[in-house]
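Asker: The structure under discussion is supplied below as structure tokens; questions concerning it will follow.
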Amino acid sequence: MALTERLKETTQVGYWTGEIPLEYIYTYGRAGEAYFRNIMNKGSFLGARCQKCEITYVPPRTYCEKCFDRLEDSYVNVGTSGTVYTYTILYKNLDGSHKKEPVIMAMVRLDGTEGGVVHYLGQVKPEEVSIGMKVQAVLLPKKQRKGGITDIEYFKPSG
Ligand SMILES: [Zn+2]
């Protein structure tokens with residue numbers, strides 16, 4: 001359909017094909033930057049603690065979602081240990097082809113926190129994974145970390 005054509009019926013659908021060049025810069029935001037800097041430099045996860053609500057959010061937030069208190073001065077290290085909150089097993093690649101080996105993705109709730117980290121599980125077979133399994137993050141060696149999600153290699157069973 002040419003861009004100048006007019007629709008004659010209200011039930012018609014107009015569409016145009018083509019490409020729109022887009023440029024963008026993705027930022028983590030203030031809390032996200034602190035979170036990834038902490039992983040890169042200190043090798044542990046950062047949470048935001050609301051004393052009033054007794055909640056530690058991971059990833060950290062700039063404010064409490066329940067009472068709206070500012071939390072930027074309330075970041076705390078929460079370590080690297082947690083439990084599998086939920087998981088899924090991937091057998092196919094994004095293009096639909098079969099993976100050589102299944103990959104396990106999990107949401108890990110770090111100990112004593114709300115929220116969690118979605119990442120790979122490693123050093124475990126799909127039939128061995130269970131909800132509630134104790135796990136620990138395996139990070140890249142400090143010199144190889146770049147301040148992103150790939151600084152975390154995977155979570156491995158710890159219990
Ligand atoms: Zn609160």
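Labeling convention for the structure tokens: chains A, B, ... as they appear, residues from 1 per chain, ligands from 1 in order of appearance.
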Would you kindly return, as a ChimeraX atom specification, each protein, DNA or RNA residue with an atom no farther than 6 Å from any atom of Ala137 of chain A, considering only C-alpha atoms and excluding same-chain residues fewer than 5 positions away?

Answerer: /A:80,154-155

Asker: For segment 49-66 of chain A, work out the shell of residues within 10 Å, counting only C-alpha atoms and skipping chain neighbours fewer than 5 positions away, then give it as an NGL selection string.

Answerer: :A and (29-36 or 71-78 or 109-117)

Asker: Skipping near chain neighbours, those fewer than 2 positions away, what residues fall within 8 Å of segment 119-131 of chain A using only C-alpha atoms, listed as a list in words?

Answerer: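 Near segment 119-131 of chain A, the qualifying residues are Thr83, Val84, Tyr85, Thr86, Tyr87, Ile89, Pro102, Val103, Ile104, Met105, Ala106, Met107, Val108, Val117, Met133, Glu153, Tyr154, Phe155, Lys156 and Pro157 of chain A.
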
Asker: Restricting the calculation to only C-alpha atoms and all ligand atoms, which member of A:Lys92, A:Arg70, A:Lys146, A:His98 is positioned closest to ligand 1?

Answerer: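 Checking each of A:Lys92, A:Arg70, A:Lys146, A:His98 against ligand 1, counting only C-alpha atoms and all ligand atoms, the winner is A:Arg70.
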
Asker: Between A:Lys134, A:Gly148, A:Ser158, A:Leu46, which one has atoms that come closest to Tyr26 of chain A, using only C-alpha atoms?

Answerer: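 Going through A:Lys134, A:Gly148, A:Ser158, A:Leu46 one by one, the smallest distance to Tyr26 of chain A is for A:Gly148.
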
Asker: Using DSSP assignments from the backbone, pull out every residue in chain A that falls under helix (DSSP H, G or I) and give it to me as a list in words.

Answerer: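 Secondary structure check on chain A, helix (DSSP H, G or I): Gly29, Arg30, Ala31, Gly32, Glu33, Ala34, Tyr35, Phe36, Arg37, Asn38, Ile39, Met40, Asn41, Lys42, Pro126, Glu127, Glu128, Lys142, Lys143, Gln144, Ile149, Thr150 and Asp151 of chain A.
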
Asker: Apply DSSP to the backbone of this structure and, from segment 7-48 of chain A, keep only the residues in strand (DSSP E or B); write these as a list in words.

Answerer: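 Restricting segment 7-48 of chain A to strand (DSSP E or B) produces Phe45, Leu46, Gly47 and Ala48 of chain A.
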
Asker: Quick check, in Å to one decimal: how far apart do atom CA of Ile152 of chain A and atom CA of Val118 of chain A lie?

Answerer: 10.5 Å

Asker: Quick one: of A:Lys100, A:Met40, A:Gly159, A:Gly82, who's nearest to Leu139 of chain A, counting only C-alpha atoms?

Answerer: A:Met40

Asker: Smallest atom-to-atom distance to ligand 1: which of A:Asp95, A:Tyr28, A:Arg145, A:Ala48, using only C-alpha atoms and all ligand atoms?

Answerer: A:Ala48
